[in-house]
file run-v5.tsv (TSV, C-alpha atoms)
chain	number	residue	atom	x	y	z
N	253	MET	CA	93.50	101.99	108.09
N	254	LYS	CA	91.14	99.34	106.79
N	255	GLY	CA	92.24	97.79	103.54
N	256	ARG	CA	90.51	96.05	100.68
N	257	MET	CA	91.81	93.75	98.04
N	258	ALA	CA	91.05	93.45	94.36
N	259	ILE	CA	92.28	91.30	91.55
N	260	ILE	CA	92.31	92.23	87.88
N	261	GLY	CA	92.61	89.45	85.38
N	262	ASP	CA	91.93	88.55	81.80
N	263	GLY	CA	88.97	86.24	81.79
N	264	GLU	CA	87.05	84.56	84.59
N	265	GLY	CA	90.04	82.78	86.08
N	266	VAL	CA	90.24	85.36	88.82
N	267	LEU	CA	86.67	84.75	89.96
N	268	VAL	CA	87.86	82.09	92.37
N	269	PHE	CA	89.48	84.76	94.48
N	270	ARG	CA	86.09	86.25	95.11
N	271	SER	CA	85.43	83.40	97.47
N	272	VAL	CA	88.27	84.52	99.72
N	273	GLY	CA	87.14	88.09	100.07
N	274	MET	CA	88.77	89.83	97.13
N	275	ASP	CA	86.87	91.75	94.53
N	276	ALA	CA	87.54	90.32	91.11
N	277	TYR	CA	87.48	92.42	87.95
N	278	SER	CA	88.23	91.36	84.47
N	279	ALA	CA	89.82	93.41	81.74
N	280	ASP	CA	90.16	92.21	78.19
N	281	ASP	CA	92.93	94.42	76.93
N	282	ALA	CA	95.63	96.74	78.18
N	283	ARG	CA	93.60	99.91	77.70
N	284	SER	CA	90.68	98.83	79.81
N	285	ALA	CA	93.05	97.33	82.37
N	286	ALA	CA	94.87	100.63	82.70
N	287	LYS	CA	91.61	102.49	83.12
N	288	LEU	CA	90.33	99.97	85.63
N	289	LEU	CA	93.54	100.09	87.60
N	290	SER	CA	93.55	103.84	87.96
N	291	GLU	CA	89.97	103.69	89.21
N	292	LEU	CA	90.62	100.87	91.65
N	293	ALA	CA	93.81	102.41	92.97
N	294	GLU	CA	91.77	104.98	94.84
N	295	ARG	CA	89.60	102.44	96.60
N	296	TYR	CA	91.75	99.38	97.16
N	297	GLN	CA	94.94	98.98	99.12
N	298	VAL	CA	96.13	95.74	97.56
N	299	ILE	CA	95.58	95.04	93.90
N	300	PHE	CA	96.70	91.88	92.16
N	301	VAL	CA	97.09	92.01	88.39
N	302	THR	CA	97.72	88.98	86.21
N	303	ASP	CA	101.14	89.34	84.74
N	304	GLU	CA	100.31	89.50	81.04
N	305	LEU	CA	98.22	92.57	81.75
N	306	ALA	CA	100.75	93.95	84.20
N	307	LYS	CA	103.43	93.77	81.57
N	308	GLN	CA	101.36	95.83	79.18
N	309	ILE	CA	100.41	98.53	81.65
N	310	GLU	CA	103.80	98.87	83.23
N	311	GLU	CA	103.81	102.67	83.12
N	312	VAL	CA	100.50	102.91	84.93
N	313	ILE	CA	101.75	100.62	87.65
N	314	ALA	CA	105.04	102.48	87.93
N	315	ALA	CA	103.13	105.63	88.87
N	316	TYR	CA	102.17	104.02	92.17
N	317	ALA	CA	105.62	102.67	92.93
N	318	SER	CA	106.75	105.45	95.24
N	319	ARG	CA	103.74	105.30	97.58
N	320	ALA	CA	103.19	102.70	100.26
N	321	TYR	CA	99.59	102.14	99.11
N	322	PRO	CA	98.15	100.81	96.89
N	323	ILE	CA	100.33	97.76	96.54
N	324	ILE	CA	100.13	96.41	93.02
N	325	VAL	CA	101.38	92.87	92.59
N	326	PRO	CA	101.67	90.82	89.42
N	327	VAL	CA	100.39	87.26	89.77
N	328	PRO	CA	100.47	84.52	87.17
N	329	SER	CA	97.31	83.65	85.29
N	330	VAL	CA	95.78	80.34	84.25
N	331	ARG	CA	98.31	79.95	81.49
N	332	GLY	CA	101.11	79.94	84.04
N	333	GLY	CA	103.57	82.62	85.04
N	334	SER	CA	105.33	84.50	82.30
N	335	GLY	CA	108.24	85.20	84.59
N	336	TYR	CA	107.30	88.87	84.64
N	337	SER	CA	107.48	89.30	88.41
N	338	ALA	CA	110.82	87.55	88.57
N	339	GLU	CA	111.97	89.88	85.85
N	340	MET	CA	110.80	92.84	87.95
N	341	LEU	CA	112.81	91.63	90.92
N	342	ARG	CA	115.86	91.19	88.74
N	343	ARG	CA	115.51	94.70	87.41
N	344	GLN	CA	115.20	96.10	90.91
N	345	SER	CA	118.28	94.23	91.98
N	346	GLU	CA	120.19	95.65	89.06
N	347	ARG	CA	118.99	99.14	89.79
N	348	ALA	CA	119.80	99.06	93.48
N	349	LEU	CA	122.98	97.04	93.55
N	350	GLY	CA	124.23	97.50	90.03
N	351	MET	CA	124.06	93.78	89.42
N	352	ASP	CA	121.72	90.87	89.42
N	353	ILE	CA	122.28	88.90	92.59
N	354	LEU	CA	119.40	86.48	92.08
N	355	SER	CA	120.34	84.50	89.04
N	356	ARG	CA	123.91	83.91	90.09
N	357	GLY	CA	122.78	81.08	92.30
N	358	ALA	CA	125.75	79.47	94.00
N	359	SER	CA	127.90	82.58	94.07
N	360	GLY	CA	125.15	84.43	95.90
N	361	THR	CA	126.77	84.05	99.31
N	362	HIS	CA	129.93	85.56	97.93
N	363	SER	CA	128.21	88.73	96.77
N	364	ASP	CA	126.72	89.06	100.24
N	365	GLY	CA	130.21	89.31	101.61
N	366	ASP	CA	131.02	91.99	99.09
N	367	ASN	CA	128.09	94.09	100.09
N	368	ASN	CA	128.96	93.90	103.75
N	369	ALA	CA	132.52	94.82	103.13
N	370	ARG	CA	131.70	98.00	101.32
W	179	MET	CA	135.88	121.10	88.43
W	180	ALA	CA	133.90	124.20	88.61
W	181	ARG	CA	134.78	126.78	91.13
W	182	ILE	CA	131.86	128.35	92.93
W	183	ASN	CA	131.47	131.96	91.97
W	184	VAL	CA	132.05	133.90	95.19
W	185	ASN	CA	134.10	136.87	96.26
W	186	PRO	CA	137.45	135.85	97.68
W	187	THR	CA	136.91	137.28	101.14
W	188	ARG	CA	137.54	135.98	104.60
W	189	MET	CA	133.81	135.97	105.25
W	190	GLU	CA	133.10	133.70	102.29
W	191	LEU	CA	135.98	131.46	103.28
W	192	LYS	CA	134.49	130.98	106.70
W	193	LYS	CA	131.08	130.22	105.25
W	194	LEU	CA	132.50	127.75	102.76
W	195	LYS	CA	134.45	125.94	105.43
W	196	ALA	CA	131.26	125.47	107.42
W	197	ARG	CA	129.53	124.20	104.29
W	198	LEU	CA	132.32	121.78	103.58
W	199	LYS	CA	132.04	120.37	107.06
W	200	THR	CA	128.29	119.89	106.70
W	201	ALA	CA	128.69	118.32	103.27
W	202	GLN	CA	131.29	115.89	104.53
W	203	ARG	CA	129.18	114.88	107.49
W	204	GLY	CA	126.12	114.51	105.28
W	205	HIS	CA	128.11	112.43	102.85
W	206	LYS	CA	129.29	110.10	105.57
W	207	LEU	CA	125.81	109.68	107.01
W	208	LEU	CA	124.23	109.10	103.63
W	209	LYS	CA	126.87	106.60	102.69
W	210	ASP	CA	126.26	104.67	105.90
W	211	LYS	CA	122.56	104.75	105.24
W	212	THR	CA	123.00	103.47	101.70
W	213	ASP	CA	125.27	100.68	102.87
W	214	GLU	CA	122.75	99.57	105.43
W	215	MET	CA	119.94	99.72	102.88
W	216	VAL	CA	121.95	97.67	100.43
W	217	ARG	CA	122.63	95.09	103.12
W	218	ARG	CA	118.96	94.83	103.99
W	219	PHE	CA	117.97	94.84	100.35
W	220	SER	CA	120.14	91.87	99.49
W	221	VAL	CA	118.52	89.93	102.31
W	222	ILE	CA	115.00	91.00	101.51
W	223	ILE	CA	115.21	90.43	97.77
W	224	ARG	CA	116.28	86.81	98.24
W	225	GLU	CA	113.39	86.19	100.57
W	226	THR	CA	110.97	87.87	98.18
W	227	LYS	CA	112.29	85.74	95.36
W	228	ARG	CA	111.77	82.56	97.34
W	229	LEU	CA	108.27	83.53	98.41
W	230	GLN	CA	107.42	84.64	94.90
W	231	ASP	CA	108.40	81.32	93.39
W	232	GLU	CA	106.37	79.40	95.94
W	233	VAL	CA	103.27	81.57	95.84
W	234	GLU	CA	103.21	81.85	92.07
W	235	ALA	CA	103.31	78.10	91.68
W	236	GLU	CA	100.37	77.87	94.05
W	237	VAL	CA	98.43	80.60	92.28
W	238	VAL	CA	98.84	78.78	88.99
W	239	GLU	CA	97.68	75.61	90.69
W	240	VAL	CA	94.56	77.32	92.06
W	241	MET	CA	93.76	78.88	88.70
W	242	ARG	CA	94.21	75.58	86.90
W	243	GLN	CA	91.96	73.83	89.36
W	244	PHE	CA	89.39	76.52	88.93
W	245	SER	CA	89.52	76.38	85.17
W	246	LEU	CA	88.77	72.67	85.44
W	247	ALA	CA	85.68	73.56	87.40
W	248	ARG	CA	84.78	76.21	84.88
W	249	GLY	CA	85.08	73.74	82.10
W	250	SER	CA	82.28	71.66	83.47
W	251	MET	CA	79.90	74.53	84.10
W	252	SER	CA	78.46	77.37	82.13
W	253	LYS	CA	79.81	80.86	82.52
W	254	LYS	CA	76.56	82.09	84.01
W	255	GLU	CA	76.47	79.43	86.68
W	256	ILE	CA	80.00	80.21	87.74
W	257	GLU	CA	79.28	83.92	87.89
W	258	LEU	CA	76.26	83.21	90.00
W	259	ALA	CA	78.01	80.84	92.37
W	260	PHE	CA	80.75	83.33	93.11
W	261	SER	CA	78.68	86.46	93.16
W	262	MET	CA	78.13	86.49	96.92
W	263	PRO	CA	81.28	85.80	98.87
W	264	SER	CA	80.66	84.42	102.34
W	265	VAL	CA	84.09	85.35	103.62
W	266	SER	CA	84.99	88.94	104.09
W	267	LEU	CA	88.49	89.84	104.96
W	268	ALA	CA	89.37	92.64	107.28
W	269	LEU	CA	92.70	93.90	106.19
W	270	GLU	CA	94.58	96.18	108.49
W	271	CYS	CA	96.94	98.44	106.55
W	272	THR	CA	99.63	100.30	108.40
W	273	THR	CA	103.08	101.47	107.52
W	274	ALA	CA	106.34	100.57	109.14
W	275	ASN	CA	109.32	102.82	109.14
W	276	VAL	CA	112.46	101.19	107.82
W	277	LEU	CA	115.39	103.58	107.56
W	278	ASN	CA	113.04	106.49	107.18
W	279	LEU	CA	111.15	104.71	104.44
W	280	GLU	CA	107.43	104.13	104.85
W	281	ILE	CA	106.87	100.54	103.83
W	282	PRO	CA	103.46	98.93	104.01
W	283	LYS	CA	102.53	96.46	106.71
W	284	LEU	CA	99.48	94.30	106.23
W	285	HIS	CA	97.65	92.45	108.89
W	286	MET	CA	94.83	90.16	107.97
W	287	GLU	CA	91.95	89.25	110.20
W	288	GLU	CA	89.58	86.80	108.73
W	289	VAL	CA	86.02	87.63	109.58
W	290	SER	CA	84.61	84.54	108.08
W	291	GLY	CA	81.05	83.56	107.66
W	292	GLU	CA	80.07	80.10	108.72
W	293	ASP	CA	81.68	78.59	105.68
W	294	LEU	CA	84.44	79.24	103.18
W	295	TYR	CA	82.30	78.20	100.25
W	296	PRO	CA	80.05	80.88	98.85
W	297	TYR	CA	77.71	78.43	97.16
W	298	SER	CA	75.72	75.39	98.07
W	299	PHE	CA	77.35	72.11	97.19
W	300	ALA	CA	74.48	71.15	94.97
W	301	GLU	CA	75.09	73.82	92.40
W	302	ILE	CA	78.73	73.33	91.62
W	303	THR	CA	81.32	70.68	90.87
W	304	SER	CA	83.81	69.44	93.41
W	305	GLU	CA	86.74	70.84	91.43
W	306	ALA	CA	85.64	74.30	92.45
W	307	ASP	CA	85.74	73.28	96.10
W	308	TYR	CA	89.38	72.35	95.82
W	309	ALA	CA	90.16	75.60	94.07
W	310	VAL	CA	88.35	77.64	96.70
W	311	ALA	CA	89.98	75.77	99.57
W	312	ALA	CA	93.41	76.25	98.04
W	313	ALA	CA	92.74	79.92	97.39
W	314	GLY	CA	91.64	80.37	100.99
W	315	LYS	CA	94.94	78.99	102.22
W	316	LEU	CA	96.82	81.11	99.77
W	317	VAL	CA	95.50	84.54	100.71
W	318	ALA	CA	97.70	85.10	103.73
W	319	ARG	CA	100.82	84.29	101.76
W	320	LEU	CA	99.69	86.33	98.79
W	321	LEU	CA	99.39	89.31	101.10
W	322	HIS	CA	102.79	88.62	102.57
W	323	LEU	CA	104.18	88.52	99.06
W	324	ALA	CA	102.49	91.82	98.24
W	325	GLU	CA	104.07	93.38	101.28
W	326	MET	CA	107.51	92.03	100.47
W	327	GLU	CA	107.41	92.97	96.82
W	328	LYS	CA	106.42	96.49	97.66
W	329	ALA	CA	109.15	96.76	100.28
W	330	THR	CA	111.71	95.49	97.78
W	331	SER	CA	110.70	97.91	95.09
W	332	MET	CA	110.57	100.88	97.44
W	333	LEU	CA	113.93	99.98	98.88
W	334	ALA	CA	115.42	99.64	95.41
W	335	ASP	CA	114.08	103.08	94.57
W	336	GLU	CA	115.44	104.61	97.71
W	337	ILE	CA	118.85	103.01	97.29
W	338	GLU	CA	119.08	104.41	93.80
W	339	LYS	CA	118.17	107.88	94.98
W	340	SER	CA	120.49	107.90	97.92
W	341	LYS	CA	123.35	106.52	95.84
W	342	ARG	CA	122.88	109.40	93.48
W	343	ARG	CA	122.95	111.83	96.37
W	344	VAL	CA	126.10	110.27	97.79
W	345	ASN	CA	127.79	110.52	94.41
W	346	ALA	CA	126.67	114.10	93.91
W	347	LEU	CA	128.16	115.03	97.25
W	348	GLU	CA	131.32	113.02	96.77
W	349	TYR	CA	132.16	113.93	93.21
W	350	VAL	CA	130.63	117.36	92.71
W	351	MET	CA	129.79	119.30	95.79
W	352	ILE	CA	132.73	118.46	98.04
W	353	PRO	CA	135.42	118.88	95.34
W	354	ASP	CA	133.84	122.16	94.27
W	355	ILE	CA	133.87	123.56	97.75
W	356	GLU	CA	137.40	122.37	98.34
W	357	GLU	CA	138.59	124.01	95.18
W	358	THR	CA	136.89	127.27	96.01
W	359	ILE	CA	138.40	127.23	99.48
W	360	ARG	CA	141.83	126.68	97.97
W	361	TYR	CA	141.24	129.51	95.52
W	362	ILE	CA	140.17	131.93	98.23
W	363	THR	CA	143.07	131.02	100.49
W	364	GLN	CA	145.52	131.58	97.67
W	365	LYS	CA	143.90	134.85	96.73
W	366	LEU	CA	144.02	136.07	100.32
W	367	GLU	CA	147.66	135.07	100.68
W	368	GLU	CA	148.47	136.85	97.46
W	369	ASN	CA	146.75	139.99	98.68
W	370	GLU	CA	148.73	139.78	101.88
W	371	ARG	CA	152.00	139.40	100.01
W	372	ALA	CA	151.09	142.26	97.73
W	373	GLY	CA	150.33	144.44	100.74
W	374	LEU	CA	153.61	143.49	102.33
W	375	THR	CA	155.73	144.24	99.29
W	376	ARG	CA	153.92	147.53	98.90
W	377	LEU	CA	154.77	148.45	102.47
W	378	MET	CA	158.43	147.49	101.99
W	379	LYS	CA	158.59	149.46	98.79
W	380	VAL	CA	157.05	152.53	100.40
W	381	LYS	CA	159.38	152.21	103.33
W	382	SER	CA	162.44	152.05	101.10
W	383	MET	CA	161.20	155.00	99.06
W	384	LEU	CA	160.69	157.00	102.23
W	385	GLU	CA	164.16	156.09	103.43
W	386	GLU	CA	165.66	157.18	100.10
W	387	ARG	CA	163.90	160.51	100.28
W	388	GLY	CA	164.98	161.04	103.88
W	389	SER	CA	168.66	160.45	103.23
call {"tool": "encode", "arguments": {"input": "run-v5.tsv", "output": "structure tokens"}}
result
Amino acid sequence: MKGRMAIIGDGEGVLVFRSVGMDAYSADDARSAAKLLSELAERYQVIFVTDELAKQIEEVIAAYASRAYPIIVPVPSVRGGSGYSAEMLRRQSERALGMDILSRGASGTHSDGDNNAR
Amino acid sequence: MARINVNPTRMELKKLKARLKTAQRGHKLLKDKTDEMVRRFSVIIRETKRLQDEVEAEVVEVMRQFSLARGSMSKKEIELAFSMPSVSLALECTTANVLNLEIPKLHMEEVSGEDLYPYSFAEITSEADYAVAAAGKLVARLLHLAEMEKATSMLADEIEKSKRRVNALEYVMIPDIEETIRYITQKLEENERAGLTRLMKVKSMLEERGS
């Protein structure tokens, strides 16, 4: 299957990704972003969304979580990452393992042993 | 524990025993599957985390660089410069099967034009060049990140589901069946004893009458 990529951002910051073959769209608020996303989801296989927007349209994104495509990925915007995607990973870790294995840093290797033992 | 509502007959007992066997085997298999998924998940999530940190830092860098370029040009000019991309990416999307889970696999082939830059150098500042060059290098890793993040989230989902199934089997279905089996066995034994005492009673009554 041939895939296409798109990026949704607030403002023109995402335009630069046009030069590398993505289609860039801009959305000013959560409502238009949600609408845009549901339109693009049919046509694109990989969609990047800047994380401030992604945070606001979480439910829309969650609807695509169980399918392999489209892949919707939060990326930081010009103002820097808001830590949203790290937060997502942490939540997934908690959901799957019942605990957060990422932020425990040094004791991480220990929890690995636990998981193997079970 | 709730007993399943069935007639206490030998037939039902036989059926239930078969069901118990299936449930126990299913439980074992599912548990093994969950354990393996958890093992893979804990590996994959660390890698995703690492990649995410790296790629996000680079994305911010690219965006910053680009906003510098934007600062020195009008919005129209920028729009114009980037309106016709010279690079088109051919993205091959397939799925890979990991533990019966369809996770996406991306493969990028760059079908580039002669040049990465979609504009002529005369019409734009050099800051934009840096941004575009950095973005070009970033795409492959962005896609890898997309793939990994999706795999992580799908795996997390699947682990949650299969954990729930394992628990349902372990704490509801199997105990229920076991209890029902016990109930039927007891009932059958009771019937047998009742039949036996009845026979003995009848026999003694007959003997009394005969004497």
call {"tool": "atom_distance", "arguments": {"input": "run-v5.tsv", "atom1": "CA of Leu208 (chain W)", "atom2": "CA of Lys341 (chain W)"}}
result
8.3 Å
call {"tool": "residues_around", "arguments": {"input": "run-v5.tsv", "residues": "Val184 (chain W)", "least_positions_apart": "3", "cutoff": "9 Å", "atoms": "only C-alpha atoms", "output": "list in words"}}
result
Arg181, Thr187, Glu190, Thr358 and Ile362 of chain W
call {"tool": "closest_atom_pairs", "arguments": {"input": "run-v5.tsv", "of": "chain W", "to": "chain N", "cutoff": "8 Å", "atoms": "all atoms listed in the file", "output": "Markdown table"}}
result
| residue | atom | partner | partner_atom | distance |
| --- | --- | --- | --- | --- |
| W:Asp213 | CA | N:Arg370 | CA | 7.1 |
| W:Val216 | CA | N:Leu349 | CA | 7.0 |
| W:Arg217 | CA | N:Asn367 | CA | 6.3 |
| W:Ser220 | CA | N:Asp364 | CA | 7.2 |
| W:Ile223 | CA | N:Leu341 | CA | 7.4 |
| W:Arg224 | CA | N:Leu354 | CA | 6.9 |
| W:Lys227 | CA | N:Ala338 | CA | 7.2 |
| W:Gln230 | CA | N:Ala338 | CA | 7.8 |
| W:Glu234 | CA | N:Pro328 | CA | 6.2 |
| W:Val237 | CA | N:Pro328 | CA | 6.8 |
| W:Val238 | CA | N:Gly332 | CA | 5.6 |
| W:Met241 | CA | N:Val330 | CA | 5.1 |
| W:Arg242 | CA | N:Val330 | CA | 5.7 |
| W:Phe244 | CA | N:Val268 | CA | 6.7 |
| W:Ser245 | CA | N:Gly265 | CA | 6.5 |
| W:Glu257 | CA | N:Leu267 | CA | 7.7 |
| W:Phe260 | CA | N:Ser271 | CA | 6.4 |
| W:Ser261 | CA | N:Arg270 | CA | 7.7 |
| W:Met262 | CA | N:Ser271 | CA | 7.9 |
| W:Pro263 | CA | N:Ser271 | CA | 5.0 |
| W:Ser264 | CA | N:Ser271 | CA | 6.9 |
| W:Val265 | CA | N:Gly273 | CA | 5.4 |
| W:Ser266 | CA | N:Gly273 | CA | 4.6 |
| W:Leu267 | CA | N:Gly273 | CA | 5.4 |
| W:Ala268 | CA | N:Lys254 | CA | 6.9 |
| W:Leu269 | CA | N:Gly255 | CA | 4.7 |
| W:Glu270 | CA | N:Lys254 | CA | 5.0 |
| W:Cys271 | CA | N:Met253 | CA | 5.2 |
| W:Thr272 | CA | N:Met253 | CA | 6.4 |
| W:Thr273 | CA | N:Ala320 | CA | 7.4 |
| W:Glu280 | CA | N:Ala320 | CA | 6.4 |
| W:Ile281 | CA | N:Ala320 | CA | 5.6 |
| W:Pro282 | CA | N:Ala320 | CA | 5.3 |
| W:Leu294 | CA | N:Ser271 | CA | 7.1 |
| W:Tyr295 | CA | N:Ser271 | CA | 6.7 |
| W:Pro296 | CA | N:Ser271 | CA | 6.1 |
| W:Ala309 | CA | N:Val268 | CA | 7.1 |
| W:Val310 | CA | N:Val268 | CA | 6.2 |
| W:Ala313 | CA | N:Phe269 | CA | 6.5 |
| W:Gly314 | CA | N:Val272 | CA | 5.5 |
| W:Val317 | CA | N:Val272 | CA | 7.3 |
| W:Ala324 | CA | N:Val325 | CA | 5.9 |
| W:Glu325 | CA | N:Ile323 | CA | 7.5 |
| W:Glu327 | CA | N:Val325 | CA | 7.4 |
| W:Lys328 | CA | N:Ile323 | CA | 6.3 |
| W:Thr330 | CA | N:Gln344 | CA | 7.7 |
| W:Ser331 | CA | N:Gln344 | CA | 6.4 |
| W:Met332 | CA | N:Ser318 | CA | 6.3 |
| W:Ala334 | CA | N:Ala348 | CA | 4.8 |
| W:Asp335 | CA | N:Ala348 | CA | 7.1 |
| W:Ile337 | CA | N:Ala348 | CA | 5.6 |
| W:Glu338 | CA | N:Ala348 | CA | 5.4 |
call {"tool": "write_last_selection", "arguments": {"input": "run-v5.tsv", "atoms": "C-alpha atoms", "output": "compact mmCIF listing (two decimals), keeping the file's coordinate frame"}}
result
# COMPACT_ATOMS: atom_id res chain seq x y z
CA ASP W 213 125.27 100.68 102.87
CA VAL W 216 121.95 97.67 100.43
CA ARG W 217 122.63 95.09 103.12
CA SER W 220 120.14 91.87 99.49
CA ILE W 223 115.21 90.43 97.77
CA ARG W 224 116.28 86.81 98.24
CA LYS W 227 112.29 85.74 95.36
CA GLN W 230 107.42 84.64 94.90
CA GLU W 234 103.21 81.85 92.07
CA VAL W 237 98.43 80.60 92.28
CA VAL W 238 98.84 78.78 88.99
CA MET W 241 93.76 78.88 88.70
CA ARG W 242 94.21 75.58 86.90
CA PHE W 244 89.39 76.52 88.93
CA SER W 245 89.52 76.38 85.17
CA GLU W 257 79.28 83.92 87.89
CA PHE W 260 80.75 83.33 93.11
CA SER W 261 78.68 86.46 93.16
CA MET W 262 78.13 86.49 96.92
CA PRO W 263 81.28 85.80 98.87
CA SER W 264 80.66 84.42 102.34
CA VAL W 265 84.09 85.35 103.62
CA SER W 266 84.99 88.94 104.09
CA LEU W 267 88.49 89.84 104.96
CA ALA W 268 89.37 92.64 107.28
CA LEU W 269 92.70 93.90 106.19
CA GLU W 270 94.58 96.18 108.49
CA CYS W 271 96.94 98.44 106.55
CA THR W 272 99.63 100.30 108.40
CA THR W 273 103.08 101.47 107.52
CA GLU W 280 107.43 104.13 104.85
CA ILE W 281 106.87 100.54 103.83
CA PRO W 282 103.46 98.93 104.01
CA LEU W 294 84.44 79.24 103.18
CA TYR W 295 82.30 78.20 100.25
CA PRO W 296 80.05 80.88 98.85
CA ALA W 309 90.16 75.60 94.07
CA VAL W 310 88.35 77.64 96.70
CA ALA W 313 92.74 79.92 97.39
CA GLY W 314 91.64 80.37 100.99
CA VAL W 317 95.50 84.54 100.71
CA ALA W 324 102.49 91.82 98.24
CA GLU W 325 104.07 93.38 101.28
CA GLU W 327 107.41 92.97 96.82
CA LYS W 328 106.42 96.49 97.66
CA THR W 330 111.71 95.49 97.78
CA SER W 331 110.70 97.91 95.09
CA MET W 332 110.57 100.88 97.44
CA ALA W 334 115.42 99.64 95.41
CA ASP W 335 114.08 103.08 94.57
CA ILE W 337 118.85 103.01 97.29
CA GLU W 338 119.08 104.41 93.80
call {"tool": "atom_distance", "arguments": {"input": "run-v5.tsv", "atom1": "CA of Met189 (chain W)", "atom2": "CA of Lys365 (chain W)"}}
result
13.3 Å
call {"tool": "closest_residue", "arguments": {"input": "run-v5.tsv", "among": "W:Ile352, W:Glu386, W:Lys283, W:Glu368", "to": "Lys199 (chain W)", "atoms": "only C-alpha atoms"}}
result
W:Ile352
call {"tool": "residues_around", "arguments": {"input": "run-v5.tsv", "residues": "Ala279 (chain N)", "least_positions_apart": "2", "cutoff": "9 Å", "atoms": "only C-alpha atoms", "output": "ChimeraX atom specification"}}
result
/N:260-263,277,281-286,288,305
call {"tool": "atom_distance", "arguments": {"input": "run-v5.tsv", "atom1": "CA of Lys192 (chain W)", "atom2": "CA of Lys209 (chain W)"}}
result
25.9 Å
call {"tool": "closest_residue", "arguments": {"input": "run-v5.tsv", "among": "N:Ala314, N:Asp352, N:Thr302, N:Ser278", "to": "Glu339 (chain N)", "atoms": "all atoms listed in the file"}}
result
N:Asp352
call {"tool": "closest_residue", "arguments": {"input": "run-v5.tsv", "among": "W:Val276, W:Ala311, W:Ile256, W:Ile355", "to": "Met215 (chain W)", "atoms": "only C-alpha atoms"}}
result
W:Val276
call {"tool": "build_atoms", "arguments": {"input": "run-v5.tsv", "residues": "region 320-331 of chain W", "atoms": "N, CA and C atoms", "output": "short mmCIF file (atom, residue, chain, number, x, y, z; two decimals), in the coordinates of the input"}}
result
data_model
loop_
_atom_site.label_atom_id
_atom_site.label_comp_id
_atom_site.auth_asym_id
_atom_site.auth_seq_id
_atom_site.Cartn_x
_atom_site.Cartn_y
_atom_site.Cartn_z
N LEU W 320 99.76 85.35 99.87
CA LEU W 320 99.69 86.33 98.79
C LEU W 320 99.90 87.74 99.35
N LEU W 321 99.26 87.99 100.49
CA LEU W 321 99.39 89.31 101.10
C LEU W 321 100.82 89.54 101.57
N HIS W 322 101.40 88.50 102.14
CA HIS W 322 102.79 88.62 102.57
C HIS W 322 103.69 88.94 101.39
N LEU W 323 103.41 88.27 100.27
CA LEU W 323 104.18 88.52 99.06
C LEU W 323 104.01 89.97 98.60
N ALA W 324 102.76 90.43 98.64
CA ALA W 324 102.49 91.82 98.24
C ALA W 324 103.33 92.78 99.06
N GLU W 325 103.33 92.53 100.36
CA GLU W 325 104.07 93.38 101.28
C GLU W 325 105.56 93.37 100.94
N MET W 326 106.09 92.16 100.73
CA MET W 326 107.51 92.03 100.47
C MET W 326 107.91 92.65 99.13
N GLU W 327 107.07 92.42 98.13
CA GLU W 327 107.41 92.97 96.82
C GLU W 327 107.44 94.48 96.84
N LYS W 328 106.46 95.03 97.56
CA LYS W 328 106.42 96.49 97.66
C LYS W 328 107.65 97.00 98.40
N ALA W 329 107.99 96.34 99.50
CA ALA W 329 109.15 96.76 100.28
C ALA W 329 110.41 96.71 99.42
N THR W 330 110.53 95.63 98.64
CA THR W 330 111.71 95.49 97.78
C THR W 330 111.77 96.63 96.77
N SER W 331 110.64 96.91 96.15
CA SER W 331 110.70 97.91 95.09
C SER W 331 110.93 99.30 95.67
#
